[in-house]
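Next up, protein-v7.cif (mmCIF, C-alpha atoms and all ligand atoms):
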data_model
#
loop_
_atom_site.group_PDB
_atom_site.id
_atom_site.type_symbol
_atom_site.label_atom_id
_atom_site.label_comp_id
_atom_site.auth_asym_id
_atom_site.auth_seq_id
_atom_site.Cartn_x
_atom_site.Cartn_y
_atom_site.Cartn_z
ATOM 1 C CA MET A 71 118.440 98.357 137.792
ATOM 2 C CA LYS A 72 121.613 100.058 136.509
ATOM 3 C CA LYS A 73 123.954 101.779 138.944
ATOM 4 C CA THR A 74 124.498 105.518 138.418
ATOM 5 C CA ALA A 75 127.793 107.407 138.194
ATOM 6 C CA VAL A 76 127.931 111.214 138.039
ATOM 7 C CA ILE A 77 131.102 112.704 136.556
ATOM 8 C CA THR A 78 131.731 116.461 136.463
ATOM 9 C CA GLY A 79 133.701 118.181 133.692
ATOM 10 C CA ALA A 80 133.189 115.075 131.579
ATOM 11 C CA ALA A 81 132.505 116.446 128.093
ATOM 12 C CA ARG A 82 136.148 115.780 127.187
ATOM 13 C CA GLY A 83 139.539 114.676 128.519
ATOM 14 C CA ILE A 84 139.977 112.617 131.680
ATOM 15 C CA GLY A 85 136.323 113.062 132.725
ATOM 16 C CA LEU A 86 134.988 111.722 129.428
ATOM 17 C CA GLU A 87 137.255 108.668 129.674
ATOM 18 C CA ILE A 88 135.981 108.037 133.222
ATOM 19 C CA ALA A 89 132.350 108.354 132.047
ATOM 20 C CA LYS A 90 132.975 105.853 129.226
ATOM 21 C CA ARG A 91 134.625 103.445 131.676
ATOM 22 C CA PHE A 92 131.662 103.505 134.080
ATOM 23 C CA ASN A 93 129.320 103.055 131.108
ATOM 24 C CA ARG A 94 131.277 99.996 129.910
ATOM 25 C CA GLU A 95 131.050 98.558 133.436
ATOM 26 C CA GLY A 96 127.237 98.754 133.233
ATOM 27 C CA TYR A 97 126.616 102.071 135.003
ATOM 28 C CA HIS A 98 124.432 104.868 133.693
ATOM 29 C CA ALA A 99 126.977 107.695 133.295
ATOM 30 C CA VAL A 100 125.736 111.220 133.985
ATOM 31 C CA ILE A 101 127.992 113.765 132.309
ATOM 32 C CA LEU A 102 128.123 117.347 133.637
ATOM 33 C CA ASP A 103 130.003 120.177 131.933
ATOM 34 C CA ILE A 104 129.966 123.972 131.781
ATOM 35 C CA ASP A 105 130.898 124.099 128.081
ATOM 36 C CA ALA A 106 127.638 123.739 126.135
ATOM 37 C CA ALA A 107 129.367 123.379 122.740
ATOM 38 C CA GLU A 108 131.763 120.674 124.021
ATOM 39 C CA LEU A 109 128.834 118.932 125.719
ATOM 40 C CA ALA A 110 126.842 118.934 122.434
ATOM 41 C CA ARG A 111 129.882 117.490 120.583
ATOM 42 C CA CYS A 112 130.252 114.818 123.260
ATOM 43 C CA GLU A 113 126.548 113.922 123.045
ATOM 44 C CA GLU A 114 126.799 113.711 119.240
ATOM 45 C CA ASN A 115 129.863 111.405 119.468
ATOM 46 C CA LEU A 116 128.075 109.109 121.926
ATOM 47 C CA LYS A 117 124.814 109.094 119.946
ATOM 48 C CA GLY A 118 123.285 105.646 119.713
ATOM 49 C CA GLN A 119 125.044 104.425 122.867
ATOM 50 C CA GLU A 120 122.742 103.664 125.781
ATOM 51 C CA GLY A 121 123.384 104.739 129.343
ATOM 52 C CA PHE A 122 124.539 108.336 129.109
ATOM 53 C CA SER A 123 122.840 111.580 130.258
ATOM 54 C CA PHE A 124 124.111 115.119 129.758
ATOM 55 C CA PHE A 125 123.692 118.216 131.920
ATOM 56 C CA ASN A 126 125.024 121.710 131.346
ATOM 57 C CA CYS A 127 126.245 122.771 134.804
ATOM 58 C CA ASP A 128 128.759 125.202 136.282
ATOM 59 C CA VAL A 129 130.126 123.387 139.342
ATOM 60 C CA SER A 130 131.418 126.653 140.813
ATOM 61 C CA ASN A 131 127.908 128.131 140.887
ATOM 62 C CA HIS A 132 125.787 127.111 143.877
ATOM 63 C CA GLN A 133 122.457 127.630 142.090
ATOM 64 C CA SER A 134 123.565 125.753 138.972
ATOM 65 C CA VAL A 135 124.736 122.813 141.106
ATOM 66 C CA SER A 136 121.531 122.757 143.199
ATOM 67 C CA GLU A 137 119.293 122.827 140.112
ATOM 68 C CA THR A 138 121.323 120.195 138.259
ATOM 69 C CA PHE A 139 121.466 117.742 141.159
ATOM 70 C CA ALA A 140 117.733 118.263 141.822
ATOM 71 C CA GLN A 141 117.108 117.118 138.221
ATOM 72 C CA ILE A 142 119.569 114.232 138.521
ATOM 73 C CA THR A 143 118.116 112.944 141.794
ATOM 74 C CA ALA A 144 114.565 113.274 140.447
ATOM 75 C CA GLN A 145 115.632 110.875 137.671
ATOM 76 C CA PHE A 146 117.986 108.619 139.656
ATOM 77 C CA SER A 147 117.035 108.245 143.328
ATOM 78 C CA ALA A 148 120.410 106.688 144.173
ATOM 79 C CA VAL A 149 123.918 107.608 143.012
ATOM 80 C CA HIS A 150 126.649 104.959 143.326
ATOM 81 C CA ALA A 151 129.681 107.015 142.253
ATOM 82 C CA LEU A 152 130.411 110.735 142.142
ATOM 83 C CA VAL A 153 133.630 111.794 140.432
ATOM 84 C CA ASN A 154 134.513 115.447 141.021
ATOM 85 C CA ASN A 155 136.721 115.892 137.976
ATOM 86 C CA ALA A 156 135.875 119.407 136.673
ATOM 87 C CA GLY A 157 138.923 121.600 136.988
ATOM 88 C CA ILE A 158 140.720 124.570 135.487
ATOM 89 C CA ALA A 159 144.396 125.516 135.547
ATOM 90 C CA ILE A 160 145.928 128.990 135.385
ATOM 91 C CA PHE A 161 149.730 128.769 135.324
ATOM 92 C CA LYS A 162 151.490 132.091 136.028
ATOM 93 C CA PRO A 163 154.400 133.336 138.151
ATOM 94 C CA ALA A 164 153.065 133.935 141.678
ATOM 95 C CA GLN A 165 153.439 137.712 141.542
ATOM 96 C CA GLU A 166 151.275 137.858 138.384
ATOM 97 C CA VAL A 167 148.380 135.849 139.776
ATOM 98 C CA SER A 168 145.436 138.201 140.364
ATOM 99 C CA PHE A 169 142.728 137.675 142.937
ATOM 100 C CA GLU A 170 140.387 136.976 139.978
ATOM 101 C CA ASP A 171 142.722 134.167 138.783
ATOM 102 C CA TRP A 172 142.939 132.764 142.314
ATOM 103 C CA SER A 173 139.159 132.949 142.845
ATOM 104 C CA ALA A 174 138.392 131.341 139.476
ATOM 105 C CA VAL A 175 140.665 128.361 140.206
ATOM 106 C CA MET A 176 139.381 127.922 143.771
ATOM 107 C CA GLY A 177 135.792 128.380 142.545
ATOM 108 C CA VAL A 178 135.878 125.479 140.105
ATOM 109 C CA ASN A 179 138.409 123.116 141.685
ATOM 110 C CA LEU A 180 137.663 123.462 145.402
ATOM 111 C CA ASN A 181 134.193 125.030 145.696
ATOM 112 C CA GLY A 182 132.930 122.831 142.843
ATOM 113 C CA THR A 183 134.104 119.671 144.599
ATOM 114 C CA PHE A 184 132.473 120.783 147.858
ATOM 115 C CA LEU A 185 129.189 121.898 146.250
ATOM 116 C CA CYS A 186 128.663 118.781 144.115
ATOM 117 C CA SER A 187 129.518 116.437 146.991
ATOM 118 C CA GLN A 188 127.063 118.165 149.337
ATOM 119 C CA ALA A 189 124.336 118.256 146.667
ATOM 120 C CA CYS A 190 124.803 114.548 145.890
ATOM 121 C CA LEU A 191 125.224 113.282 149.452
ATOM 122 C CA ALA A 192 121.658 112.048 150.104
ATOM 123 C CA ALA A 193 121.642 110.150 146.786
ATOM 124 C CA LEU A 194 125.088 108.689 147.588
ATOM 125 C CA VAL A 195 123.850 107.549 151.004
ATOM 126 C CA ALA A 196 120.856 105.924 149.267
ATOM 127 C CA GLY A 197 123.201 104.141 146.840
ATOM 128 C CA LYS A 198 125.893 103.304 149.445
ATOM 129 C CA GLY A 199 128.062 105.076 146.917
ATOM 130 C CA SER A 200 131.499 106.574 146.928
ATOM 131 C CA ILE A 201 133.248 109.772 145.877
ATOM 132 C CA VAL A 202 136.496 110.179 143.980
ATOM 133 C CA ASN A 203 137.907 113.685 143.829
ATOM 134 C CA ILE A 204 140.445 114.438 141.103
ATOM 135 C CA ALA A 205 143.434 116.166 142.694
ATOM 136 C CA SER A 206 146.878 116.428 141.044
ATOM 137 C CA ILE A 207 150.545 115.860 141.709
ATOM 138 C CA SER A 208 150.594 119.678 141.755
ATOM 139 C CA GLY A 209 148.814 119.376 145.103
ATOM 140 C CA VAL A 210 151.338 116.834 146.390
ATOM 141 C CA ARG A 211 154.574 118.572 145.357
ATOM 142 C CA ALA A 212 154.919 122.337 145.107
ATOM 143 C CA SER A 213 156.245 123.910 141.944
ATOM 144 C CA THR A 214 156.490 127.225 140.141
ATOM 145 C CA LEU A 215 153.474 128.731 138.293
ATOM 146 C CA ARG A 216 150.893 126.829 140.353
ATOM 147 C CA ILE A 217 150.239 128.989 143.406
ATOM 148 C CA ALA A 218 146.479 128.824 142.853
ATOM 149 C CA TYR A 219 146.187 125.457 141.049
ATOM 150 C CA GLY A 220 148.543 123.575 143.407
ATOM 151 C CA THR A 221 146.896 125.053 146.499
ATOM 152 C CA SER A 222 143.411 124.176 145.225
ATOM 153 C CA LYS A 223 144.497 120.573 144.612
ATOM 154 C CA ALA A 224 146.153 120.257 148.037
ATOM 155 C CA ALA A 225 142.919 121.571 149.563
ATOM 156 C CA ILE A 226 140.930 118.967 147.601
ATOM 157 C CA MET A 227 143.093 116.256 149.179
ATOM 158 C CA HIS A 228 142.300 117.489 152.688
ATOM 159 C CA LEU A 229 138.631 117.961 151.777
ATOM 160 C CA THR A 230 138.687 114.290 150.707
ATOM 161 C CA LYS A 231 139.962 113.256 154.156
ATOM 162 C CA GLN A 232 137.317 115.398 155.875
ATOM 163 C CA GLN A 233 134.637 113.815 153.691
ATOM 164 C CA SER A 234 135.956 110.316 154.388
ATOM 165 C CA VAL A 235 135.541 110.892 158.122
ATOM 166 C CA GLU A 236 132.063 112.461 158.134
ATOM 167 C CA TYR A 237 130.511 110.914 155.017
ATOM 168 C CA GLY A 238 132.194 107.630 156.014
ATOM 169 C CA ASN A 239 129.937 107.530 159.077
ATOM 170 C CA MET A 240 127.031 107.561 156.632
ATOM 171 C CA GLY A 241 128.484 104.678 154.599
ATOM 172 C CA VAL A 242 129.875 106.869 151.799
ATOM 173 C CA ARG A 243 133.598 106.439 151.053
ATOM 174 C CA ALA A 244 135.697 109.342 149.723
ATOM 175 C CA ASN A 245 139.093 109.024 148.068
ATOM 176 C CA ALA A 246 141.176 111.092 145.681
ATOM 177 C CA VAL A 247 143.249 110.343 142.608
ATOM 178 C CA ALA A 248 146.235 112.616 142.017
ATOM 179 C CA PRO A 249 147.208 112.278 138.359
ATOM 180 C CA GLY A 250 150.604 113.119 136.966
ATOM 181 C CA PRO A 251 150.671 114.863 133.584
ATOM 182 C CA VAL A 252 148.129 113.532 131.083
ATOM 183 C CA GLU A 253 147.865 114.635 127.445
ATOM 184 C CA THR A 254 144.529 116.524 127.340
ATOM 185 C CA GLU A 255 143.321 119.954 126.234
ATOM 186 C CA MET A 256 144.267 121.281 129.682
ATOM 187 C CA ALA A 257 147.836 119.975 129.320
ATOM 188 C CA LYS A 258 148.059 121.486 125.822
ATOM 189 C CA LEU A 259 147.048 124.820 127.319
ATOM 190 C CA VAL A 260 149.484 124.998 130.239
ATOM 191 C CA HIS A 261 152.382 122.619 129.467
ATOM 192 C CA SER A 262 155.061 124.435 127.488
ATOM 193 C CA ALA A 263 157.786 122.522 125.600
ATOM 194 C CA ASP A 264 160.077 123.159 128.586
ATOM 195 C CA ILE A 265 157.582 121.722 131.052
ATOM 196 C CA ARG A 266 157.173 118.614 128.861
ATOM 197 C CA THR A 267 160.924 117.939 128.767
ATOM 198 C CA SER A 268 161.237 118.503 132.510
ATOM 199 C CA TYR A 269 158.411 116.057 133.239
ATOM 200 C CA ALA A 270 160.146 113.389 131.164
ATOM 201 C CA ASP A 271 163.290 113.997 133.273
ATOM 202 C CA ALA A 272 161.520 114.036 136.636
ATOM 203 C CA ILE A 273 159.096 111.117 136.252
ATOM 204 C CA PRO A 274 160.675 107.663 136.744
ATOM 205 C CA LEU A 275 158.479 106.152 133.996
ATOM 206 C CA ALA A 276 159.621 109.085 131.788
ATOM 207 C CA ARG A 277 156.268 109.674 130.091
ATOM 208 C CA TYR A 278 152.818 111.243 130.420
ATOM 209 C CA GLY A 279 149.970 109.102 131.726
ATOM 210 C CA THR A 280 146.944 108.280 129.595
ATOM 211 C CA THR A 281 143.313 109.093 130.299
ATOM 212 C CA GLU A 282 142.689 105.310 130.454
ATOM 213 C CA GLU A 283 145.291 104.919 133.219
ATOM 214 C CA ILE A 284 143.557 107.600 135.306
ATOM 215 C CA SER A 285 140.105 106.083 134.700
ATOM 216 C CA ASN A 286 141.434 102.687 135.885
ATOM 217 C CA ALA A 287 142.448 104.213 139.240
ATOM 218 C CA VAL A 288 139.124 106.039 139.605
ATOM 219 C CA TYR A 289 137.028 102.996 138.724
ATOM 220 C CA PHE A 290 138.991 100.797 141.138
ATOM 221 C CA LEU A 291 138.395 103.228 144.029
ATOM 222 C CA CYS A 292 134.638 103.256 143.316
ATOM 223 C CA SER A 293 134.417 99.486 142.936
ATOM 224 C CA GLU A 294 133.691 96.745 145.492
ATOM 225 C CA GLN A 295 137.414 95.846 145.277
ATOM 226 C CA ALA A 296 138.074 99.066 147.242
ATOM 227 C CA SER A 297 135.261 98.609 149.790
ATOM 228 C CA TYR A 298 137.552 99.210 152.814
ATOM 229 C CA ILE A 299 139.571 102.047 151.244
ATOM 230 C CA ASN A 300 138.458 105.437 152.554
ATOM 231 C CA GLY A 301 140.249 108.783 152.856
ATOM 232 C CA GLN A 302 143.202 107.829 150.636
ATOM 233 C CA ILE A 303 145.056 109.771 147.967
ATOM 234 C CA LEU A 304 146.162 107.520 145.098
ATOM 235 C CA CYS A 305 148.891 109.078 142.966
ATOM 236 C CA ALA A 306 148.678 107.833 139.378
ATOM 237 C CA ASP A 307 151.854 109.623 138.397
ATOM 238 C CA GLY A 308 154.515 107.261 137.044
ATOM 239 C CA GLY A 309 156.428 107.526 140.343
ATOM 240 C CA PHE A 310 156.779 111.332 140.353
ATOM 241 C CA ASP A 311 155.741 111.658 144.013
ATOM 242 C CA ALA A 312 157.971 108.769 145.097
ATOM 243 C CA ALA A 313 161.013 110.276 143.364
ATOM 244 C CA GLY A 314 161.258 113.144 145.878
ATOM 245 C CA VAL A 315 164.837 114.372 145.549
ATOM 246 C CA GLY A 316 165.334 112.144 142.515
ATOM 247 C CA LEU A 317 167.481 114.640 140.635
ATOM 248 C CA PRO A 318 168.082 113.660 136.996
ATOM 249 C CA SER A 319 171.851 113.985 137.673
ATOM 250 C CA LEU A 320 171.583 111.269 140.374
ATOM 251 C CA ARG A 321 169.962 108.734 138.022
ATOM 252 C CA VAL A 322 171.587 105.346 137.617
HETATM 253 N N1 LIG A 401 145.763 116.838 132.191
HETATM 254 C C1 LIG A 401 146.618 116.795 133.203
HETATM 255 O O1 LIG A 401 147.840 116.781 133.014
HETATM 256 C C2 LIG A 401 146.106 116.741 134.617
HETATM 257 C C3 LIG A 401 147.007 116.414 135.645
HETATM 258 C C4 LIG A 401 146.555 116.354 136.959
HETATM 259 C C5 LIG A 401 145.237 116.610 137.240
HETATM 260 N N2 LIG A 401 144.368 116.922 136.238
HETATM 261 C C6 LIG A 401 142.979 117.186 136.611
HETATM 262 O O2 LIG A 401 142.106 116.321 135.901
HETATM 263 C C7 LIG A 401 140.829 116.945 135.734
HETATM 264 C C8 LIG A 401 140.426 116.880 134.277
HETATM 265 O O3 LIG A 401 141.394 117.591 133.516
HETATM 266 P P1 LIG A 401 141.607 117.413 131.943
HETATM 267 O O4 LIG A 401 143.074 117.378 131.735
HETATM 268 O O5 LIG A 401 140.742 116.333 131.415
HETATM 269 O O6 LIG A 401 141.114 118.883 131.471
HETATM 270 P P2 LIG A 401 140.173 119.366 130.297
HETATM 271 O O7 LIG A 401 140.327 120.857 130.289
HETATM 272 O O8 LIG A 401 140.438 118.615 129.042
HETATM 273 O O9 LIG A 401 138.714 118.972 130.808
HETATM 274 C C9 LIG A 401 138.120 119.634 131.893
HETATM 275 C C10 LIG A 401 136.619 119.705 131.659
HETATM 276 O O10 LIG A 401 136.052 120.391 132.788
HETATM 277 C C11 LIG A 401 135.082 121.301 132.306
HETATM 278 N N3 LIG A 401 134.886 122.391 133.270
HETATM 279 C C12 LIG A 401 135.724 123.432 133.512
HETATM 280 N N4 LIG A 401 135.162 124.272 134.393
HETATM 281 C C13 LIG A 401 133.946 123.744 134.718
HETATM 282 C C14 LIG A 401 132.889 124.166 135.573
HETATM 283 N N5 LIG A 401 132.954 125.325 136.253
HETATM 284 N N6 LIG A 401 131.797 123.376 135.683
HETATM 285 C C15 LIG A 401 131.711 122.215 134.969
HETATM 286 N N7 LIG A 401 132.659 121.786 134.128
HETATM 287 C C16 LIG A 401 133.771 122.541 134.010
HETATM 288 C C17 LIG A 401 135.654 121.800 130.981
HETATM 289 O O11 LIG A 401 134.653 122.407 130.161
HETATM 290 C C18 LIG A 401 136.247 120.517 130.410
HETATM 291 O O12 LIG A 401 135.322 119.813 129.611
HETATM 292 C C19 LIG A 401 140.996 118.379 136.284
HETATM 293 O O13 LIG A 401 140.512 118.436 137.603
HETATM 294 C C20 LIG A 401 142.493 118.580 136.265
HETATM 295 O O14 LIG A 401 142.916 119.550 137.199
HETATM 296 C C21 LIG A 401 144.772 116.988 134.933
#

Any chance you could put this one into structure tokens?
Ligand SMILES: NC(=O)c1ccc[n+]([C@@H]2O[C@H](COP(=O)([O-])OP(=O)(O)OC[C@H]3O[C@@H](n4cnc5c(N)ncnc54)[C@H](O)[C@@H]3O)[C@@H](O)[C@H]2O)c1
Amino acid sequence: MKKTAVITGAARGIGLEIAKRFNREGYHAVILDIDAAELARCEENLKGQEGFSFFNCDVSNHQSVSETFAQITAQFSAVHALVNNAGIAIFKPAQEVSFEDWSAVMGVNLNGTFLCSQACLAALVAGKGSIVNIASISGVRASTLRIAYGTSKAAIMHLTKQQSVEYGNMGVRANAVAPGPVETEMAKLVHSADIRTSYADAIPLARYGTTEEISNAVYFLCSEQASYINGQILCADGGFDAAGVGLPSLRV
């Protein structure tokens, strides 16, 4: 019997790479996404490959999540990995961020992570599974333009610790991966030329990460190799977090 991995926001980008990785490792990968057109494209691209399912779901909507996970758990009684990857970014100066912007970001990033985890918990307990929440270096280090996004990602990291304590008692591990910048549609949308140059200056490895590098971290945390790792935040960020006050002018 194949193991099951559920990945949210997986019709493209980092989520899609994670879904493909689980599939290659022998899991059935269940792909959830709000964007029906992107989901149809993804399904078309994966046509002929076994071990994928597709669900149109808005992770920020309680009813949508409940209905989707009811269908998933009717099909797969146990879930072995849940990756809460769906996320949106709105980058604006703090004084321009409306309550609608704030609520939209919190709705997908934070509420979505909470709702999907709660809806999947019984199936994760049945599968002795584990959760990986996708945070961000924007939740580790504060910056301009990210008052909503950065706060939502910091909250996801604490939610992960809360989950690791309570779900951990039920045998379900919870960890987070905090990626540095990765070249995806989201990055194209919010990373200006200026931001790109600054990242190259601020990150010791002086480059963006790849979707494969993030999927490696996620897969490791869900695997048996990480069986005693619970409640941790793994930064896959080229050393950005470690650099702290690593000003470019102080470089050797
Ligand atoms: N790309 C980066 O530089 C970067 C850095 C750090 C963290 N992240 C995080 O990685 C995750 C994936 O980002 P990405 O770069 O692949 O972005 P992306 O925009 O390419 O993909 C995100 C996917 O999530 C889906 N989605 C959005 N709202 C949804 C909702 N309400 N319900 C279900 N699906 C929804 C989108 O349709 C899309 O397919 C996000 O949580 C993001 O915050 C990205």

Please return as an MDAnalysis selection string the residues found within 8 Å of ligand LIG 401 (chain A), counting all atoms listed in the file.
chainID A and resid 78:86 102:105 108:109 126:131 154:159 177:179 182 204:208 219 223 248:257 278 281

Distance query 12 Å from (150.8, 106.6, 130.8) using all atoms listed in the file, result as a PyMOL selection string
chain A and resi 249-253+270+273-286+306-309

Using all atoms listed in the file, what does the table of region 195-219 of chain A residues within 12 Å of region 231-237 of chain A look like, with each row giving the shortest atom pair and its distance in Å to one decimal, sorted by chain and ascending number, as a Markdown table?
| residue | atom | partner | partner_atom | distance |
| --- | --- | --- | --- | --- |
| A:Val195 | CA | A:Tyr237 | CA | 8.5 |
| A:Lys198 | CA | A:Tyr237 | CA | 10.5 |
| A:Gly199 | CA | A:Tyr237 | CA | 10.3 |
| A:Ser200 | CA | A:Tyr237 | CA | 9.2 |
| A:Ile201 | CA | A:Gln233 | CA | 8.9 |
| A:Val202 | CA | A:Ser234 | CA | 10.4 |
| A:Asn203 | CA | A:Gln233 | CA | 10.4 |

So that I have them on file, write out the residues from the current selection with C-alpha atoms, as a compact mmCIF listing (two decimals), keeping the file's coordinate frame.
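Produced file result-v5.txt, reproduced below:
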# COMPACT_ATOMS: atom_id res chain seq x y z
CA VAL A 195 123.85 107.55 151.00
CA LYS A 198 125.89 103.30 149.44
CA GLY A 199 128.06 105.08 146.92
CA SER A 200 131.50 106.57 146.93
CA ILE A 201 133.25 109.77 145.88
CA VAL A 202 136.50 110.18 143.98
CA ASN A 203 137.91 113.68 143.83

Atom-to-atom span, CA of Gly238 (chain A) and CA of Val100 (chain A), Å:
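These atoms are spaced 23.2 Å apart.
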
Residues picked by the PyMOL selection byres (((chain A and resi 71) around 10) and not hetatm) here, as a list in words?
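This file, filtered by the PyMOL selection byres (((chain A and resi 71) around 10) and not hetatm), leaves Lys72, Lys73, Thr74, Gly96, Tyr97 and His98 of chain A.
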
May I ask which of the residues A:Arg266, A:His150, A:Ser134, A:His261 is the closest one to Ala192 (chain A), counting only C-alpha atoms?
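Under the stated criterion, the closest residue is A:His150.
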
Which residue gives the smallest distance to Val260 (chain A) among A:Phe146, A:Phe124, A:Phe161, A:Phe310, with all atoms listed in the file counted?
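Going through A:Phe146, A:Phe124, A:Phe161, A:Phe310 one by one, the smallest distance to Val260 (chain A) is for A:Phe161.
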
Using only C-alpha atoms, which residues sit within 9 Å of Leu304 (chain A) once same-chain residues fewer than 4 positions away are excluded, as number ranges by chain?
A: 245-249, 287, 291

Just how far from CA of Gln133 (chain A) is CA of Val288 (chain A), in Å to one decimal?
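Between CA of Val288 (chain A) and CA of Gln133 (chain A) the gap is 27.4 Å.
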
Distance CA of Ala196 (chain A)-CA of Ala99 (chain A), one decimal place?
17.2 Å

Put the listed atoms of region 307-312 of chain A in a box along x, y and z with 3 Å added on every side and give me the centre and edge lengths in Å to one decimal, as JSON.
{"center_x": 154.9, "center_y": 109.5, "center_z": 141.1, "size_x": 12.1, "size_y": 10.4, "size_z": 14.1}

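Between Leu180 (chain A) and the residues A:Arg91, A:His228, A:Lys162, A:Arg211, the shortest atom-to-atom distance, using all atoms listed in the file, involves A:His228.
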
Looking at all atoms listed in the file, which of A:Ile303, A:Ile226, A:Ala313, A:Cys292 is the one that sits closest to Tyr269 (chain A)?
A:Ala313

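Compared by their closest atoms to Val149 (chain A), and using only C-alpha atoms, the residues A:Asn239, A:Ser222, A:Ser319, A:Ser187 rank with A:Ser187 nearest.
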
Using all atoms listed in the file, can you tell me which of A:Ile77, A:Leu215, A:Ala107, A:Ala189 comes closest to Val153 (chain A)?
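Ranked by minimum distance to Val153 (chain A), first place goes to A:Ile77.
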
Can you pull out the residues contacting region 166-169 of chain A? Cut-off 10 Å, using all atoms listed in the file, and skip same-chain residues under 6 positions away; I want them as a VMD selection string.
chain A and resid 160 175 215 to 218

Please complete region 231-236 of chain A so it has all heavy atoms, and hand it over as a PDB file, keeping the file's coordinate frame.
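selection.pdb, written as the output of this step:
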ATOM      1  N   LYS A 231     139.812 113.909 152.837  1.00  0.00           N
ATOM      2  CA  LYS A 231     139.962 113.256 154.156  1.00  0.00           C
ATOM      3  C   LYS A 231     138.813 113.660 155.079  1.00  0.00           C
ATOM      4  O   LYS A 231     138.276 112.821 155.813  1.00  0.00           O
ATOM      5  CB  LYS A 231     141.313 113.622 154.766  1.00  0.00           C
ATOM      6  CG  LYS A 231     142.482 113.010 154.007  1.00  0.00           C
ATOM      7  CD  LYS A 231     143.791 113.309 154.702  1.00  0.00           C
ATOM      8  CE  LYS A 231     144.958 112.805 153.860  1.00  0.00           C
ATOM      9  NZ  LYS A 231     146.248 113.097 154.473  1.00  0.00           N
ATOM     10  N   GLN A 232     138.457 114.951 155.056  1.00  0.00           N
ATOM     11  CA  GLN A 232     137.317 115.398 155.875  1.00  0.00           C
ATOM     12  C   GLN A 232     136.057 114.633 155.475  1.00  0.00           C
ATOM     13  O   GLN A 232     135.303 114.167 156.335  1.00  0.00           O
ATOM     14  CB  GLN A 232     137.079 116.900 155.679  1.00  0.00           C
ATOM     15  CG  GLN A 232     138.167 117.803 156.224  1.00  0.00           C
ATOM     16  CD  GLN A 232     138.192 117.845 157.745  1.00  0.00           C
ATOM     17  OE1 GLN A 232     139.238 118.065 158.344  1.00  0.00           O
ATOM     18  NE2 GLN A 232     137.066 117.617 158.375  1.00  0.00           N
ATOM     19  N   GLN A 233     135.832 114.523 154.170  1.00  0.00           N
ATOM     20  CA  GLN A 233     134.637 113.815 153.691  1.00  0.00           C
ATOM     21  C   GLN A 233     134.667 112.355 154.123  1.00  0.00           C
ATOM     22  O   GLN A 233     133.649 111.794 154.524  1.00  0.00           O
ATOM     23  CB  GLN A 233     134.568 113.884 152.155  1.00  0.00           C
ATOM     24  CG  GLN A 233     134.286 115.272 151.624  1.00  0.00           C
ATOM     25  CD  GLN A 233     134.320 115.333 150.102  1.00  0.00           C
ATOM     26  OE1 GLN A 233     135.025 114.559 149.447  1.00  0.00           O
ATOM     27  NE2 GLN A 233     133.577 116.253 149.522  1.00  0.00           N
ATOM     28  N   SER A 234     135.868 111.748 154.059  1.00  0.00           N
ATOM     29  CA  SER A 234     135.956 110.316 154.388  1.00  0.00           C
ATOM     30  C   SER A 234     135.572 110.065 155.844  1.00  0.00           C
ATOM     31  O   SER A 234     135.034 109.006 156.175  1.00  0.00           O
ATOM     32  CB  SER A 234     137.367 109.795 154.118  1.00  0.00           C
ATOM     33  OG  SER A 234     138.271 110.273 155.095  1.00  0.00           O
ATOM     34  N   VAL A 235     135.851 111.045 156.701  1.00  0.00           N
ATOM     35  CA  VAL A 235     135.541 110.892 158.122  1.00  0.00           C
ATOM     36  C   VAL A 235     134.037 111.081 158.362  1.00  0.00           C
ATOM     37  O   VAL A 235     133.386 110.229 158.975  1.00  0.00           O
ATOM     38  CB  VAL A 235     136.365 111.901 158.962  1.00  0.00           C
ATOM     39  CG1 VAL A 235     135.930 111.866 160.417  1.00  0.00           C
ATOM     40  CG2 VAL A 235     137.851 111.596 158.830  1.00  0.00           C
ATOM     41  N   GLU A 236     133.476 112.175 157.846  1.00  0.00           N
ATOM     42  CA  GLU A 236     132.063 112.461 158.134  1.00  0.00           C
ATOM     43  C   GLU A 236     131.114 111.684 157.226  1.00  0.00           C
ATOM     44  O   GLU A 236     130.139 111.105 157.688  1.00  0.00           O
ATOM     45  CB  GLU A 236     131.788 113.962 158.052  1.00  0.00           C
ATOM     46  CG  GLU A 236     132.471 114.707 159.179  1.00  0.00           C
ATOM     47  CD  GLU A 236     131.836 116.036 159.488  1.00  0.00           C
ATOM     48  OE1 GLU A 236     130.591 116.130 159.533  1.00  0.00           O
ATOM     49  OE2 GLU A 236     132.598 117.009 159.671  1.00  0.00           O
TER      50      GLU A 236
END
